[in-house]
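Quick notes on the structure that follows.
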Amino acid sequence: MAKRRASCDMLIERLSAFLDGDLSATECARISRHAQTCSRCTQLTAELRRTVGLCQRAASTPLPPALRRRARASIKRLLQEDAKAH
Amino acid sequence: MTKLRDLHPSHSAEAGAEYEALVRAAAGGGRAAMERLLMRVQSVAFRFSLLVCGDPQDAEDVMQEALLKTYRHVRKIEHPEAFRTWLFRTVRNFCLMKRRKHVGEPSHVLSLDVSEADADGRSRREGDRPIDVTDGAKRPDEQALNAWLGRRLRAALASLAPVDRMIVLLREMEGLSTCEVAEITRLSEDNVKTRLHRARGRLRALLKEA
């Protein structure tokens with residue numbers, strides 16, 4: 001029981017580094033082995049992945065339409081002014 | 001087990017290479033490339049400023065400033081490979097300048113610096129305030145922003161210390177490497193990793209609760 005808890009603590013502590021690929025092959029193997037046998041840690045890993053996925057999806061969403069129109073207009077204005085100046 | 005950096009294209013070196021190619025094309029006189037680059041820069045600047053500092057009007061000002069600065073910078077750029085880091089340093093500085101302009105207006109003040117006060121990732125400096133992520137029922141602009149980024153995510157990010165928000169944004173949303181994030185935030189790589197780990201855990205818990 002105490003050994004399992006220690007493995008859970010190790011996973012929680014190292015999960016971010018593990019998912020970012022910052023750990024050695026040995027450490028990765030240890031964490032993978034534990035995650036396959038511990039439902040709590042499997043769930044934790046899945047939740048963390050979902051959280052990161054949510055952030056990543058938010059970053060790939062284009063600007064709201066009104067703001068996008070203003071951004072396009074600013075670019076057009078800038079390029080026109082620069083063309084006139086040269 | 002899949003690594004996070006494999007799940008999203010922006011988390012690979014490809015994203016940096018894509019920026020570099022776009023910058024080279026724009027610097028070489030390609031109008032379409034310049035337009036694409038400037039559109040992307042405005043999007044990045046607005047998202048960064050809104051999520052880190054919280055004020056939509058300030059974010060739109062920062063977006064405009066980033067547009068002009070990028071246009072001038074790209075035409076005489078010497079190191080296109082360093083463009084992304086330059087862009088986020090520039091946007092961060094614009095956000096800091098906004099903050100300084102608001103001195104005496106505590107309702108807008110949000111520190112971007114790391115201090116002992118926010119070492120636990122929660123408490124803030126005197127004068128700071130949590131970002132208000134309005135429900136959206138009253139203000140159409142807030143409603144649009146919540147629909148854009150997701151109200152739950154905005155609210156969860158708003159609960160982090162400003163520097164941790166910045167780290168999450170740069171690392172998770174913009175796909176920068178730990179080394180690049182460390183350079184922009186002026187923190188050590190170890191500090192960035194520690195803060196990111198803690199911020200991810202906090203976001204996970206908050207989003208689960210929601």
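Identifiers in this document derive from the order of the structure tokens: chains are assigned A, B, ..., residues are numbered from 1 separately in each chain, and ligands are numbered from 1 in order of occurrence.
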Problem set entry | Residues of chain B within 8 Å of chain A, counting only C-alpha atoms, as a ChimeraX atom specification | /B:1-5,8,35,38-39,42-43,64,67-68,144-145,148-150,153,169,172-174,193,196-197,200-201,203-204,207-208
Restricted to C-alpha atoms, what would the selected residues look like written as a PDB file, in the first residue's frame?
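Now in part-v5.pdb:
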ATOM      1  CA  MET B   1       1.748   7.070 -23.472  1.00  0.00           C
ATOM      2  CA  THR B   2       1.509   9.991 -25.877  1.00  0.00           C
ATOM      3  CA  LYS B   3       3.519  13.084 -25.064  1.00  0.00           C
ATOM      4  CA  LEU B   4       1.662  16.394 -25.013  1.00  0.00           C
ATOM      5  CA  ARG B   5       3.982  18.011 -27.515  1.00  0.00           C
ATOM      6  CA  HIS B   8      -0.743  19.675 -31.264  1.00  0.00           C
ATOM      7  CA  GLU B  35      -0.690  40.218 -44.359  1.00  0.00           C
ATOM      8  CA  LEU B  38       0.412  40.640 -39.311  1.00  0.00           C
ATOM      9  CA  MET B  39      -2.949  38.926 -38.842  1.00  0.00           C
ATOM     10  CA  GLN B  42      -2.505  40.657 -33.905  1.00  0.00           C
ATOM     11  CA  SER B  43      -4.303  37.511 -32.873  1.00  0.00           C
ATOM     12  CA  GLN B  64      -2.400  47.695 -32.596  1.00  0.00           C
ATOM     13  CA  LEU B  67       1.039  45.386 -35.521  1.00  0.00           C
ATOM     14  CA  LEU B  68       3.059  48.569 -36.078  1.00  0.00           C
ATOM     15  CA  ALA B 144     -17.996  37.387 -27.525  1.00  0.00           C
ATOM     16  CA  LEU B 145     -14.689  36.899 -25.695  1.00  0.00           C
ATOM     17  CA  TRP B 148     -14.111  32.767 -28.213  1.00  0.00           C
ATOM     18  CA  LEU B 149     -11.894  31.346 -25.489  1.00  0.00           C
ATOM     19  CA  GLY B 150     -14.453  29.624 -23.266  1.00  0.00           C
ATOM     20  CA  LEU B 153     -11.054  28.433 -19.252  1.00  0.00           C
ATOM     21  CA  LEU B 169      -0.233  30.859 -22.353  1.00  0.00           C
ATOM     22  CA  GLU B 172       0.402  25.499 -23.823  1.00  0.00           C
ATOM     23  CA  MET B 173      -1.342  27.922 -26.135  1.00  0.00           C
ATOM     24  CA  GLU B 174       1.496  29.295 -28.213  1.00  0.00           C
ATOM     25  CA  LYS B 193       8.877  24.010 -15.241  1.00  0.00           C
ATOM     26  CA  LEU B 196       3.929  25.219 -15.194  1.00  0.00           C
ATOM     27  CA  HIS B 197       3.501  21.948 -13.320  1.00  0.00           C
ATOM     28  CA  ARG B 200      -1.481  22.793 -14.855  1.00  0.00           C
ATOM     29  CA  GLY B 201      -2.542  21.025 -11.658  1.00  0.00           C
ATOM     30  CA  LEU B 203      -6.230  24.417 -13.906  1.00  0.00           C
ATOM     31  CA  ARG B 204      -7.050  20.717 -13.953  1.00  0.00           C
ATOM     32  CA  LEU B 207     -11.872  22.807 -14.756  1.00  0.00           C
ATOM     33  CA  LYS B 208     -12.870  19.520 -13.170  1.00  0.00           C
TER      34      LYS B 208
END
For this session: Can you pull out every residue within 12 Å of Pro80 of chain B, counting only C-alpha atoms, but drop anything in the same chain fewer than 3 positions away, and send it as a list in words?
Result: Gly16, Ala17, Glu18, Tyr19, Glu20, Ala21, Leu22, Val23, Arg24, Ala25, Ala26, Ala27, Gly28, Thr70, His73, Val74, Arg75, Lys76, Ile77, Phe83, Arg84, Thr85, Trp86 and Leu87 of chain B
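Distance annotation: of B:Ala199, B:Cys95, B:Ala205, B:Val163, the residue with the minimal separation from Leu187 of chain B is B:Val163; atom set is only C-alpha atoms.
Across the model, the gap from atom CA of Phe46 of chain B to atom CA of Thr194 of chain B is 26.4 Å.
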